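Have a look at structure-v4.cif; it's mmCIF, C-alpha atoms (C1' of nucleotides):
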```
data_start
#
loop_
_atom_site.label_atom_id
_atom_site.label_comp_id
_atom_site.auth_asym_id
_atom_site.auth_seq_id
_atom_site.Cartn_x
_atom_site.Cartn_y
_atom_site.Cartn_z
CA MET A 1267 -2.98 4.76 -39.40
CA LYS A 1268 -3.22 2.96 -36.07
CA ASN A 1269 -0.98 -0.05 -35.93
CA ALA A 1270 -3.05 -1.36 -33.07
CA LYS A 1271 -6.42 -2.22 -34.50
CA GLU A 1272 -8.36 -2.66 -31.32
CA ASP A 1273 -11.31 -4.93 -30.98
CA ARG A 1274 -14.40 -3.07 -29.90
CA ARG A 1275 -14.62 -5.38 -26.89
CA THR A 1276 -11.13 -4.78 -25.57
CA LYS A 1277 -11.59 -1.06 -25.87
CA ARG A 1278 -14.85 -1.31 -23.97
CA THR A 1279 -13.27 -3.45 -21.27
CA ARG A 1280 -10.33 -1.13 -20.75
CA GLN A 1281 -12.66 1.82 -20.66
CA LEU A 1282 -14.88 0.22 -18.06
CA LEU A 1283 -11.95 -0.79 -15.88
CA GLY A 1284 -10.37 2.63 -16.11
CA ASP A 1285 -13.59 4.43 -15.31
CA ALA A 1286 -14.26 2.13 -12.38
CA LEU A 1287 -10.81 2.81 -10.95
CA VAL A 1288 -11.18 6.57 -11.28
CA GLU A 1289 -14.60 6.50 -9.64
CA LEU A 1290 -13.27 4.43 -6.78
CA MET A 1291 -10.29 6.73 -6.36
CA LEU A 1292 -12.69 9.57 -5.74
CA GLU A 1293 -14.20 7.55 -2.91
CA LYS A 1294 -11.19 6.04 -1.19
CA ARG A 1295 -7.44 5.78 -1.23
CA PHE A 1296 -5.85 3.81 -4.04
CA ASP A 1297 -4.26 1.34 -1.66
CA ASP A 1298 -7.58 0.58 -0.05
CA ILE A 1299 -9.11 -0.31 -3.40
CA THR A 1300 -9.19 -4.01 -4.08
CA ILE A 1301 -9.17 -5.58 -7.49
CA GLN A 1302 -12.47 -7.15 -6.64
CA ASP A 1303 -13.86 -3.65 -6.04
CA ILE A 1304 -12.83 -2.64 -9.52
CA LEU A 1305 -14.26 -5.83 -10.99
CA ASP A 1306 -17.59 -5.36 -9.27
CA ARG A 1307 -17.83 -1.71 -10.23
CA ALA A 1308 -16.92 -2.33 -13.83
CA ASP A 1309 -18.87 -5.56 -13.99
CA ILE A 1310 -15.98 -7.37 -15.54
CA GLY A 1311 -14.76 -10.91 -14.92
CA ARG A 1312 -11.68 -11.60 -12.87
CA SER A 1313 -9.73 -13.40 -15.55
CA THR A 1314 -10.50 -10.65 -18.03
CA PHE A 1315 -8.76 -8.13 -15.83
CA TYR A 1316 -5.58 -10.14 -15.82
CA ALA A 1317 -5.80 -10.54 -19.57
CA HIS A 1318 -5.30 -6.78 -19.86
CA TYR A 1319 -3.29 -5.69 -16.86
CA THR A 1320 -0.80 -7.37 -14.58
CA ASP A 1321 -1.62 -5.24 -11.60
CA LYS A 1322 -3.74 -2.63 -9.97
CA GLU A 1323 -0.70 -0.38 -10.47
CA HIS A 1324 -0.54 -1.23 -14.14
CA LEU A 1325 -4.10 -0.08 -14.63
CA LEU A 1326 -3.36 3.09 -12.70
CA MET A 1327 -0.32 3.81 -14.80
CA SER A 1328 -2.25 3.39 -18.02
CA GLN A 1329 -4.80 5.88 -16.75
CA ILE A 1330 -2.12 8.40 -15.91
CA GLU A 1331 -0.51 7.99 -19.28
CA SER A 1332 -3.75 8.71 -21.02
CA LEU A 1333 -4.22 11.72 -18.77
CA ILE A 1334 -0.80 13.09 -19.61
CA HIS A 1335 -1.51 12.42 -23.25
CA GLN A 1336 -4.69 14.45 -23.01
CA LEU A 1337 -2.94 17.39 -21.39
CA ASP A 1338 -0.23 17.19 -24.00
CA GLU A 1339 -2.63 17.25 -26.91
CA TYR A 1340 -4.71 19.98 -25.39
CA THR A 1341 -1.84 22.34 -24.85
CA THR A 1342 0.04 21.72 -28.08
CA LYS A 1343 -3.16 22.09 -30.08
CA LYS A 1344 -3.69 25.59 -28.76
CA GLY A 1345 -1.28 28.39 -29.56
CA TYR A 1346 1.27 27.95 -26.81
CA PRO A 1347 2.90 29.32 -23.68
CA HIS A 1348 1.29 32.62 -22.83
CA ASN A 1349 4.00 33.65 -20.47
CA GLY A 1350 6.87 31.82 -22.08
CA LEU A 1351 7.30 29.05 -19.53
CA LEU A 1352 4.15 27.04 -19.22
CA PRO A 1353 0.70 27.35 -20.75
CA SER A 1354 -0.59 27.54 -17.22
CA LEU A 1355 -3.87 29.29 -17.89
CA GLU A 1356 -4.77 26.75 -20.56
CA LEU A 1357 -3.89 23.99 -18.15
CA PHE A 1358 -5.98 25.41 -15.33
CA ARG A 1359 -8.90 25.70 -17.71
CA HIS A 1360 -8.54 22.16 -18.92
CA VAL A 1361 -8.25 20.86 -15.40
CA GLN A 1362 -11.47 22.62 -14.52
CA GLN A 1363 -13.26 20.84 -17.34
CA GLN A 1364 -11.85 17.46 -16.36
CA ARG A 1365 -12.40 18.09 -12.69
CA ARG A 1366 -13.45 14.62 -11.56
CA LEU A 1367 -10.80 12.86 -13.57
CA MET A 1368 -8.03 15.13 -12.36
CA GLN A 1369 -9.15 15.12 -8.77
CA ALA A 1370 -8.51 11.42 -8.50
CA PHE A 1371 -4.85 11.96 -9.24
CA VAL A 1372 -3.63 14.98 -7.31
CA TRP A 1373 -3.38 13.08 -4.03
CA GLY A 1374 -2.21 9.65 -3.04
CA ARG A 1375 -0.32 7.21 -5.15
CA GLY A 1376 -1.50 8.76 -8.37
CA ALA A 1377 0.09 12.04 -7.36
CA GLU A 1378 3.50 10.45 -7.19
CA MET A 1379 3.35 8.99 -10.69
CA LEU A 1380 1.78 12.16 -11.99
CA THR A 1381 4.43 14.29 -10.36
CA ARG A 1382 7.34 12.39 -11.82
CA ASN A 1383 5.79 12.17 -15.25
CA PHE A 1384 4.55 15.72 -15.31
CA GLN A 1385 7.77 17.20 -14.04
CA GLY A 1386 9.64 15.29 -16.69
CA GLN A 1387 7.49 16.68 -19.47
CA VAL A 1388 7.52 20.20 -18.10
CA SER A 1389 11.23 20.19 -17.51
CA LYS A 1390 12.07 19.94 -21.18
CA VAL A 1391 9.78 22.76 -22.17
CA ILE A 1392 10.99 24.98 -19.41
CA GLU A 1393 14.67 24.36 -19.89
CA GLN A 1394 14.41 25.28 -23.54
CA ASN A 1395 12.20 28.30 -23.03
CA LEU A 1396 14.30 29.61 -20.20
CA LEU A 1397 17.46 29.49 -22.27
CA SER A 1398 15.91 31.13 -25.29
CA LEU A 1399 14.10 33.64 -23.16
CA THR A 1400 16.73 36.32 -22.83
CA GLY A 1401 19.94 35.10 -24.36
CA ASP A 1402 22.26 33.17 -22.10
CA GLN A 1403 22.50 35.47 -19.13
CA VAL A 1404 21.23 32.97 -16.60
CA ASP A 1405 22.28 32.57 -12.97
CA PHE A 1406 23.38 28.96 -12.86
CA SER A 1407 23.80 28.86 -9.11
CA VAL A 1408 20.29 27.48 -9.37
CA PRO A 1409 20.56 24.48 -11.72
CA LEU A 1410 18.07 24.30 -14.55
CA PRO A 1411 16.46 21.07 -13.37
CA VAL A 1412 15.77 22.76 -10.08
CA VAL A 1413 14.09 25.63 -11.84
CA ALA A 1414 11.99 23.20 -13.82
CA ASN A 1415 11.00 21.32 -10.70
CA PHE A 1416 10.22 24.61 -9.04
CA VAL A 1417 7.73 25.54 -11.72
CA ALA A 1418 6.17 22.09 -11.88
CA SER A 1419 5.89 21.58 -8.14
CA THR A 1420 4.33 24.99 -7.62
CA PHE A 1421 1.82 24.26 -10.34
CA LEU A 1422 0.88 20.95 -8.77
CA MET A 1423 0.71 22.53 -5.34
CA LEU A 1424 -1.78 25.03 -6.70
CA LEU A 1425 -3.85 22.26 -8.23
CA ARG A 1426 -4.02 20.43 -4.93
CA TRP A 1427 -5.00 23.55 -3.04
CA TRP A 1428 -7.57 24.42 -5.66
CA PHE A 1429 -9.28 21.05 -5.29
CA ASP A 1430 -9.11 21.11 -1.51
CA ASP A 1431 -10.72 24.53 -1.60
CA ASP A 1432 -13.55 23.04 -3.68
CA MET A 1433 -12.47 24.97 -6.78
CA ARG A 1434 -13.94 28.21 -5.57
CA HIS A 1435 -11.53 30.19 -7.71
CA THR A 1436 -11.53 30.68 -11.46
CA PRO A 1437 -8.77 29.42 -13.72
CA GLU A 1438 -7.85 33.06 -14.28
CA GLN A 1439 -7.40 33.67 -10.57
CA MET A 1440 -5.36 30.50 -10.21
CA ASP A 1441 -3.16 31.55 -13.07
CA GLU A 1442 -2.68 34.95 -11.46
CA MET A 1443 -1.44 33.29 -8.28
CA PHE A 1444 0.85 31.09 -10.29
CA GLN A 1445 2.33 34.06 -12.12
CA LYS A 1446 2.79 36.13 -8.99
CA LEU A 1447 4.49 33.36 -7.08
CA VAL A 1448 6.70 31.86 -9.75
CA MET A 1449 7.70 34.54 -12.20
CA PRO A 1450 9.57 36.89 -9.86
CA GLY A 1451 11.85 34.06 -8.80
CA ILE A 1452 12.48 33.13 -12.40
CA HIS A 1453 13.20 36.66 -13.55
CA GLY A 1454 15.61 37.06 -10.69
CA LEU A 1455 17.76 34.38 -12.31
CA VAL A 1456 17.96 36.15 -15.64
CA VAL A 1457 20.25 39.09 -16.01
CA MET B 65 8.63 14.60 34.55
CA LYS B 66 7.44 12.03 32.02
CA ASN B 67 3.98 10.75 32.78
CA ALA B 68 4.68 7.76 30.60
CA LYS B 69 7.34 5.77 32.41
CA GLU B 70 8.20 3.36 29.68
CA ASP B 71 9.39 -0.14 30.27
CA ARG B 72 12.88 -0.63 28.94
CA ARG B 73 11.57 -3.50 26.83
CA THR B 74 8.83 -1.58 25.08
CA LYS B 75 11.19 1.23 24.25
CA ARG B 76 13.67 -1.24 22.85
CA THR B 77 10.97 -2.97 20.82
CA ARG B 78 9.65 0.24 19.33
CA GLN B 79 13.15 1.35 18.54
CA LEU B 80 13.98 -1.90 16.77
CA LEU B 81 10.77 -1.88 14.77
CA GLY B 82 11.20 1.75 13.76
CA ASP B 83 14.82 1.25 12.73
CA ALA B 84 13.92 -1.84 10.76
CA LEU B 85 11.21 0.02 8.87
CA VAL B 86 13.50 2.92 8.02
CA GLU B 87 16.21 0.58 6.80
CA LEU B 88 13.76 -1.31 4.64
CA MET B 89 12.37 1.93 3.24
CA LEU B 90 15.83 2.75 1.97
CA GLU B 91 15.80 -0.54 0.09
CA LYS B 92 12.30 -0.72 -1.33
CA ARG B 93 8.96 1.03 -1.57
CA PHE B 94 6.87 1.17 1.57
CA ASP B 95 4.02 -0.72 -0.04
CA ASP B 96 6.30 -3.57 -0.99
CA ILE B 97 7.46 -4.01 2.59
CA THR B 98 5.68 -6.77 4.40
CA ILE B 99 5.15 -6.90 8.14
CA GLN B 100 7.08 -10.13 8.14
CA ASP B 101 10.01 -8.26 6.59
CA ILE B 102 9.99 -5.82 9.45
CA LEU B 103 9.68 -8.62 11.99
CA ASP B 104 12.60 -10.51 10.52
CA ARG B 105 14.79 -7.43 10.27
CA ALA B 106 14.00 -6.33 13.80
CA ASP B 107 14.00 -9.87 15.16
CA ILE B 108 10.72 -9.31 16.94
CA GLY B 109 7.81 -11.67 17.38
CA ARG B 110 4.65 -11.28 15.38
CA SER B 111 2.29 -10.82 18.27
CA THR B 112 4.61 -8.27 19.82
CA PHE B 113 4.25 -6.06 16.80
CA TYR B 114 0.50 -6.00 17.10
CA ALA B 115 0.83 -5.24 20.80
CA HIS B 116 2.37 -1.91 19.81
CA TYR B 117 0.95 -0.97 16.44
CA THR B 118 -2.24 -1.72 14.62
CA ASP B 119 -0.72 -1.43 11.18
CA LYS B 120 2.28 -0.94 9.04
CA GLU B 121 0.90 2.56 8.52
CA HIS B 122 0.67 3.12 12.23
CA LEU B 123 4.32 2.37 12.64
CA LEU B 124 5.15 4.65 9.75
CA MET B 125 3.13 7.46 11.23
CA SER B 126 4.85 7.16 14.57
CA GLN B 127 8.20 7.43 12.80
CA ILE B 128 7.13 10.54 10.99
CA GLU B 129 5.86 12.12 14.15
CA SER B 130 9.15 11.57 15.85
CA LEU B 131 10.89 13.00 12.80
CA ILE B 132 8.77 16.12 12.87
CA HIS B 133 9.36 16.39 16.58
CA GLN B 134 13.10 16.28 15.97
CA LEU B 135 12.97 19.02 13.37
CA ASP B 136 10.81 21.08 15.63
CA GLU B 137 13.16 20.81 18.56
CA TYR B 138 16.19 21.43 16.44
CA THR B 139 14.90 24.63 14.94
CA THR B 140 13.29 26.10 18.04
CA LYS B 141 16.38 25.41 20.09
CA LYS B 142 18.49 27.53 17.76
CA GLY B 143 17.90 31.23 17.43
CA TYR B 144 15.22 31.26 14.73
CA PRO B 145 14.23 32.23 11.20
CA HIS B 146 17.20 33.82 9.52
CA ASN B 147 15.15 35.30 6.74
CA GLY B 148 11.92 35.75 8.61
CA LEU B 149 9.93 32.96 6.99
CA LEU B 150 11.56 29.64 7.60
CA PRO B 151 14.81 28.60 9.26
CA SER B 152 15.70 26.98 5.99
CA LEU B 153 19.46 26.92 6.36
CA GLU B 154 19.17 25.27 9.74
CA LEU B 155 16.80 22.74 8.27
CA PHE B 156 19.05 21.92 5.33
CA ARG B 157 21.92 21.43 7.76
CA HIS B 158 19.92 19.15 9.99
CA VAL B 159 18.69 17.15 7.04
CA GLN B 160 22.26 16.64 5.94
CA GLN B 161 23.14 15.20 9.33
CA GLN B 162 20.11 12.90 9.37
CA ARG B 163 20.56 11.95 5.75
CA ARG B 164 19.57 8.30 5.90
CA LEU B 165 16.60 8.89 8.10
CA MET B 166 15.28 11.74 5.99
CA GLN B 167 15.91 10.01 2.72
CA ALA B 168 13.42 7.30 3.59
CA PHE B 169 10.64 9.85 3.79
CA VAL B 170 10.99 12.27 0.90
CA TRP B 171 9.49 9.88 -1.61
CA GLY B 172 6.63 7.44 -1.56
CA ARG B 173 3.98 7.12 1.06
CA GLY B 174 6.08 8.79 3.70
CA ALA B 175 6.30 11.90 1.57
CA GLU B 176 2.57 12.35 1.61
CA MET B 177 2.26 12.21 5.38
CA LEU B 178 5.37 14.34 5.73
CA THR B 179 4.06 16.89 3.28
CA ARG B 180 0.72 17.33 5.01
CA ASN B 181 2.24 17.44 8.46
CA PHE B 182 5.13 19.66 7.48
CA GLN B 183 3.01 22.09 5.54
CA GLY B 184 0.68 22.36 8.48
CA GLN B 185 3.49 23.28 10.84
CA VAL B 186 5.09 25.67 8.42
CA SER B 187 1.84 27.35 7.56
CA LYS B 188 1.33 28.75 11.04
CA VAL B 189 4.81 30.18 11.26
CA ILE B 190 4.64 31.67 7.83
CA GLU B 191 1.21 33.19 8.16
CA GLN B 192 2.23 34.98 11.32
CA ASN B 193 5.62 36.09 10.09
CA LEU B 194 4.24 37.32 6.81
CA LEU B 195 1.63 39.47 8.50
CA SER B 196 4.04 40.96 10.99
CA LEU B 197 6.71 41.39 8.36
CA THR B 198 5.82 44.77 6.94
CA GLY B 199 2.58 45.88 8.50
CA ASP B 200 -0.57 44.76 6.73
CA GLN B 201 0.11 45.75 3.17
CA VAL B 202 -0.27 42.31 1.71
CA ASP B 203 -1.69 41.36 -1.67
CA PHE B 204 -4.49 38.99 -0.73
CA SER B 205 -5.22 37.93 -4.29
CA VAL B 206 -2.90 35.13 -3.28
CA PRO B 207 -4.46 33.62 -0.15
CA LEU B 208 -2.16 33.10 2.81
CA PRO B 209 -2.54 29.31 2.86
CA VAL B 210 -1.37 29.27 -0.72
CA VAL B 211 1.69 31.27 0.19
CA ALA B 212 2.41 28.87 3.01
CA ASN B 213 2.02 25.88 0.75
CA PHE B 214 4.22 27.59 -1.79
CA VAL B 215 7.07 27.91 0.67
CA ALA B 216 6.66 24.40 2.06
CA SER B 217 6.30 22.68 -1.29
CA THR B 218 9.32 24.45 -2.71
CA PHE B 219 11.35 23.42 0.30
CA LEU B 220 10.31 19.80 -0.03
CA MET B 221 10.95 19.88 -3.76
CA LEU B 222 14.49 21.05 -3.06
CA LEU B 223 14.98 18.26 -0.55
CA ARG B 224 13.89 15.66 -3.08
CA TRP B 225 16.14 17.06 -5.76
CA TRP B 226 19.03 17.26 -3.33
CA PHE B 227 18.73 13.59 -2.47
CA ASP B 228 18.24 12.52 -6.07
CA ASP B 229 21.38 14.46 -6.93
CA ASP B 230 23.24 12.48 -4.24
CA MET B 231 23.58 15.54 -2.04
CA ARG B 232 26.39 17.01 -4.05
CA HIS B 233 25.54 20.52 -2.87
CA THR B 234 26.15 22.08 0.51
CA PRO B 235 23.33 23.20 2.80
CA GLU B 236 24.46 26.76 2.10
CA GLN B 237 24.05 26.30 -1.64
CA MET B 238 20.65 24.70 -1.16
CA ASP B 239 19.56 27.56 1.02
CA GLU B 240 20.75 30.03 -1.60
CA MET B 241 18.55 28.34 -4.20
CA PHE B 242 15.67 28.37 -1.80
CA GLN B 243 16.06 32.08 -1.14
CA LYS B 244 16.46 32.98 -4.80
CA LEU B 245 13.41 31.05 -5.88
CA VAL B 246 11.00 31.81 -3.08
CA MET B 247 11.73 35.25 -1.70
CA PRO B 248 11.10 37.34 -4.84
CA GLY B 249 7.63 35.90 -5.14
CA ILE B 250 6.94 36.61 -1.48
CA HIS B 251 8.23 40.16 -1.59
CA GLY B 252 6.11 40.82 -4.63
CA LEU B 253 3.05 40.27 -2.47
CA VAL B 254 4.06 42.87 0.08
CA VAL B 255 3.60 46.51 -0.75
"C1'" DC C 1138 -22.95 -16.92 -41.62
"C1'" DC C 1139 -18.54 -18.55 -39.72
"C1'" DC C 1140 -14.31 -18.23 -37.40
"C1'" DG C 1141 -11.40 -16.41 -34.22
"C1'" DT C 1142 -10.77 -13.64 -30.51
"C1'" DA C 1143 -12.38 -11.83 -26.10
"C1'" DG C 1144 -14.93 -12.41 -21.91
"C1'" DT C 1145 -16.83 -15.60 -18.24
"C1'" DG C 1146 -16.92 -17.76 -13.76
"C1'" DA C 1147 -15.63 -21.27 -10.84
"C1'" DA C 1148 -11.97 -23.69 -8.70
"C1'" DC C 1149 -7.48 -23.58 -6.85
"C1'" DA C 1150 -2.82 -22.59 -4.67
"C1'" DT C 1151 -0.50 -19.10 -2.31
"C1'" DC C 1152 0.45 -15.49 0.64
"C1'" DA C 1153 -0.07 -11.58 3.93
"C1'" DT C 1154 -2.87 -10.12 7.63
"C1'" DG C 1155 -4.44 -9.95 12.17
"C1'" DT C 1156 -5.87 -12.72 16.44
"C1'" DT C 1157 -5.40 -15.91 20.24
"C1'" DC C 1158 -3.20 -18.18 24.03
"C1'" DG C 1159 -0.18 -20.69 27.00
"C1'" DA C 1160 4.69 -20.71 27.95
"C1'" DT C 1161 8.75 -17.98 28.91
"C1'" DT C 1162 11.64 -14.15 29.78
"C1'" DT C 1163 12.66 -9.79 31.89
"C1'" DA C 1164 12.10 -5.20 34.22
"C1'" DT C 1165 11.11 -3.06 38.33
"C1'" DA C 1166 9.66 -2.59 43.13
"C1'" DC C 1167 10.28 -4.14 47.63
"C1'" DG D 1087 17.74 -11.44 45.96
"C1'" DT D 1088 13.09 -12.44 45.25
"C1'" DA D 1089 8.36 -11.74 44.01
"C1'" DT D 1090 5.15 -9.77 40.94
"C1'" DA D 1091 3.55 -7.80 37.00
"C1'" DA D 1092 4.27 -6.90 32.38
"C1'" DA D 1093 6.28 -7.83 27.93
"C1'" DT D 1094 7.81 -11.09 24.50
"C1'" DC D 1095 7.54 -15.37 22.13
"C1'" DG D 1096 5.91 -18.59 18.74
"C1'" DA D 1097 2.84 -21.55 16.88
"C1'" DA D 1098 -1.68 -22.20 15.27
"C1'" DC D 1099 -5.66 -20.42 13.11
"C1'" DA D 1100 -9.35 -17.80 10.37
"C1'" DT D 1101 -9.80 -14.65 6.80
"C1'" DG D 1102 -9.47 -12.39 2.64
"C1'" DA D 1103 -6.87 -10.75 -1.51
"C1'" DT D 1104 -4.02 -12.24 -5.26
"C1'" DG D 1105 -3.01 -14.35 -9.46
"C1'" DT D 1106 -3.63 -18.67 -12.53
"C1'" DT D 1107 -6.04 -22.10 -15.10
"C1'" DC D 1108 -9.51 -23.99 -18.05
"C1'" DA D 1109 -13.62 -25.34 -20.26
"C1'" DC D 1110 -17.47 -22.75 -21.89
"C1'" DT D 1111 -19.95 -18.85 -23.98
"C1'" DA D 1112 -20.68 -14.59 -26.59
"C1'" DC D 1113 -19.62 -11.38 -29.78
"C1'" DG D 1114 -17.18 -8.65 -33.67
"C1'" DG D 1115 -15.08 -8.48 -38.16
"C1'" DG D 1116 -14.95 -10.18 -42.52
#
```
Once you've parsed the file, please lay out its structure as structure tokens.
Amino acid sequence: MKNAKEDRRTKRTRQLLGDALVELMLEKRFDDITIQDILDRADIGRSTFYAHYTDKEHLLMSQIESLIHQLDEYTTKKGYPHNGLLPSLELFRHVQQQRRLMQAFVWGRGAEMLTRNFQGQVSKVIEQNLLSLTGDQVDFSVPLPVVANFVASTFLMLLRWWFDDDMRHTPEQMDEMFQKLVMPGIHGLVV
Amino acid sequence: MKNAKEDRRTKRTRQLLGDALVELMLEKRFDDITIQDILDRADIGRSTFYAHYTDKEHLLMSQIESLIHQLDEYTTKKGYPHNGLLPSLELFRHVQQQRRLMQAFVWGRGAEMLTRNFQGQVSKVIEQNLLSLTGDQVDFSVPLPVVANFVASTFLMLLRWWFDDDMRHTPEQMDEMFQKLVMPGIHGLVV
DNA sequence: CCCGTAGTGAACATCATGTTCGATTTATAC
DNA sequence: GTATAAATCGAACATGATGTTCACTACGGG
């Protein structure tokens, strides 16, 4: 049921280019990566690159989209929010599995795109869950979008710290931190 | 008592270049700004730029340092932390005054440098204040650096949202949000 | 097996970067 | 004020990345 019947070759090319970019992003900053670097690493011709993507940024964006898509699928496949706001434990676990892939995106330019995209996704979930959580007794002196951003930004902060600390902690421990930091503030808003 | 007696001309040049960069950053993304853009805007010769800075990045970093320095001075001059963790209200007020300048740095490449630098500064204050706050009864299942990052990242998140919302709220309201979101989580860690 | 689509690589124009240097302006010290 | 040292100017240049084009080749789907 795919409307886009992809040639085996194009799929392969995109895969190679994407992988090459991710690998390079683990070695140096996105802005220091040249298109030629990607070409060499992927062993793909120059003109082929431009047949698929307009930009370095375009390639990056496509990678992030597929990442978000993965996270989306992973979390909606499973049951759902354990604590009612965000399936954080599931997410921490999935991130651990996809360590290398994720690590390329928590800092630098990728982080910005990821942040915006991720916060957007999370916001919807949170805003709904928060409202249906305990009736309508919510303290609106803190606007809902702020609450959503609060949850998302704390989660991303924890991811960054986790990576920088060489992932010495377990997903369960990370989730515990997340709960302890975020939930009290949230519950304080609900009467 | 300045060991660096600066020539009037160099000061002027640096000022012009810095101002030009900030202005441009309010118009477009840092990465899309070309050195020639800065030169034209500042009306400064090409070779002069390279006599002062090695890079676009170098110039950016110097701007951020001076920004941090400003914040530092501003907050240490005043009394000090109103809530014991961060002089947040003072900071929100100062940010409001320096709106244009700050706005150039909360997103994009500037944000990354600002985040690292800012979180570093904040961390020290917080780690000390938290320990001396109520003796030593602290829940260390959430490491202190994480707590520090939690406070800093929430603060920066609020700044971003504030700007994106066209600064419709007062510094007092922003501080209220900050307190309501952050403090419960912090207090939960202290027995 | 054949056709069409995708990938190749070399050549090219363009643009930003960073360097150099002699000429010129300007701050500061005397 | 004038001399001296330092800063700015601006044009020219080498370099390297970007993005486009095109004739040729290779491969996948039917």
Spatial sel., origin (-1.3, -15.8, 3.2), limit 10 Å, all atoms listed in the file, listed as a ChimeraX atom specification: /C:1151-1154 /D:1101-1104
The PyMOL selection byres ((chain D) within 12 of (chain A)) resolved against shown file, as a list in words: DG1102, DA1103, DT1104, DG1105, DT1106, DT1107, DC1108, DA1112, DC1113, DG1114 and DG1115 of chain D
Residues of chain B within 8 Å of chain A, counting only C-alpha atoms, as a list in words: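 Per the criterion, chain B yields Gly172, Arg173, Glu176, Ser205, Val206, Val210, Asn213, Phe214, Ser217, Thr218, Met221, Leu222, Trp225, Gln237, Met241, Lys244, Leu245, Val246, Met247, Pro248, Gly249, Ile250, Gly252 and Leu253 of chain B.
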Given all atoms listed in the file as the counted atoms, nearest of A:Ile1392, A:Ile1310, A:Val1288, A:Leu1326 to chain C: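 Going through A:Ile1392, A:Ile1310, A:Val1288, A:Leu1326 one by one, the smallest distance to chain C is for A:Ile1310.
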Go through chain C residue by residue and, counting all atoms listed in the file, keep those with an atom at most 10 Å from chain A; for each kept residue give the shortest atom pair and its distance in Å to one decimal, ordered by chain and increasing number, as CSV.
```
residue,atom,partner,partner_atom,distance
C:DT1142,C1',A:Asp1273,CA,8.7
C:DA1143,C1',A:Arg1275,CA,6.9
C:DG1144,C1',A:Thr1314,CA,6.1
C:DT1145,C1',A:Gly1311,CA,6.1
C:DG1146,C1',A:Gly1311,CA,7.3
```
Please write the residues from the selection above to a file, keeping C-alpha atoms (C1' of nucleotides), as a PDB file, in the coordinates of the input.
```
ATOM      1  C1'  DT C1142     -10.770 -13.640 -30.510  1.00  0.00           C
ATOM      2  C1'  DA C1143     -12.380 -11.830 -26.100  1.00  0.00           C
ATOM      3  C1'  DG C1144     -14.930 -12.410 -21.910  1.00  0.00           C
ATOM      4  C1'  DT C1145     -16.830 -15.600 -18.240  1.00  0.00           C
ATOM      5  C1'  DG C1146     -16.920 -17.760 -13.760  1.00  0.00           C
TER       6       DG C1146
END
```
Residues matched by the PyMOL selection byres ((chain D and resi 1087) around 12) as a PyMOL selection string: (chain C and resi 1167) or (chain D and resi 1088-1089)
One-decimal distance in Å that lies between atom CA of B:Phe169 and atom CA of B:Lys120: 14.6 Å
What are the centre and the three edge lengths of an axis-aligned box that wraps all atoms of stretch 1309-1319 of chain A in the file, given that 8 Å is added to every side, written as JSON and rounded to one decimal in Å?
```
{"center_x": -11.1, "center_y": -9.5, "center_z": -16.4, "size_x": 31.6, "size_y": 23.8, "size_z": 23.0}
```
Sphere at (-2.0, 24.3, 8.8), radius 12 Å, counting only C-alpha atoms (C1' of nucleotides): residues as a list in words: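 Answer for this query, in the requested form: Thr179, Arg180, Asn181, Phe182, Gln183, Gly184, Gln185, Val186, Ser187, Lys188, Val189, Ile190, Glu191, Gln192, Leu208, Pro209, Val210, Val211, Ala212, Asn213 and Ala216 of chain B.
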Picked residues, the PyMOL selection byres ((chain C and resi 1164) around 12), as a PyMOL selection string: (chain B and resi 70-75) or (chain C and resi 1162-1163+1165-1166) or (chain D and resi 1090-1093)
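As for atom CA of B:Gly174 and atom CA of A:Ile1334, they are spaced 24.7 Å apart.
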Near-A:Pro1437 list (7 Å; all atoms listed in the file; drop same-chain fewer than 3 positions) as a ChimeraX atom specification: /A:1355,1358-1359,1440-1441
Export of the given selection (C-alpha atoms) as an mmCIF file, keeping the file's coordinate frame:
```cif
data_model
loop_
_atom_site.group_PDB
_atom_site.id
_atom_site.type_symbol
_atom_site.label_atom_id
_atom_site.label_comp_id
_atom_site.auth_asym_id
_atom_site.auth_seq_id
_atom_site.Cartn_x
_atom_site.Cartn_y
_atom_site.Cartn_z
ATOM 1 C CA LEU A 1355 -3.870 29.290 -17.890
ATOM 2 C CA PHE A 1358 -5.980 25.410 -15.330
ATOM 3 C CA ARG A 1359 -8.900 25.700 -17.710
ATOM 4 C CA MET A 1440 -5.360 30.500 -10.210
ATOM 5 C CA ASP A 1441 -3.160 31.550 -13.070
#
```
Surrounding residues of A:Glu1293 excluding itself and chain neighbours under 5 positions, 12 Å, only C-alpha atoms (C1' of nucleotides), as a PDB file with C-alpha atoms, in the coordinates of the input:
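This is the output file part-v6.pdb:
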```pdb
ATOM      1  CA  ALA A1286     -14.260   2.130 -12.380  1.00  0.00           C
ATOM      2  CA  LEU A1287     -10.810   2.810 -10.950  1.00  0.00           C
ATOM      3  CA  VAL A1288     -11.180   6.570 -11.280  1.00  0.00           C
ATOM      4  CA  ASP A1298      -7.580   0.580  -0.050  1.00  0.00           C
ATOM      5  CA  ILE A1299      -9.110  -0.310  -3.400  1.00  0.00           C
ATOM      6  CA  ASP A1303     -13.860  -3.650  -6.040  1.00  0.00           C
ATOM      7  CA  ARG A1366     -13.450  14.620 -11.560  1.00  0.00           C
ATOM      8  CA  GLN A1369      -9.150  15.120  -8.770  1.00  0.00           C
ATOM      9  CA  ALA A1370      -8.510  11.420  -8.500  1.00  0.00           C
TER      10      ALA A1370
END
```
d(atom CA of A:Gln1364, atom CA of A:Leu1380) in Å: 15.3 Å
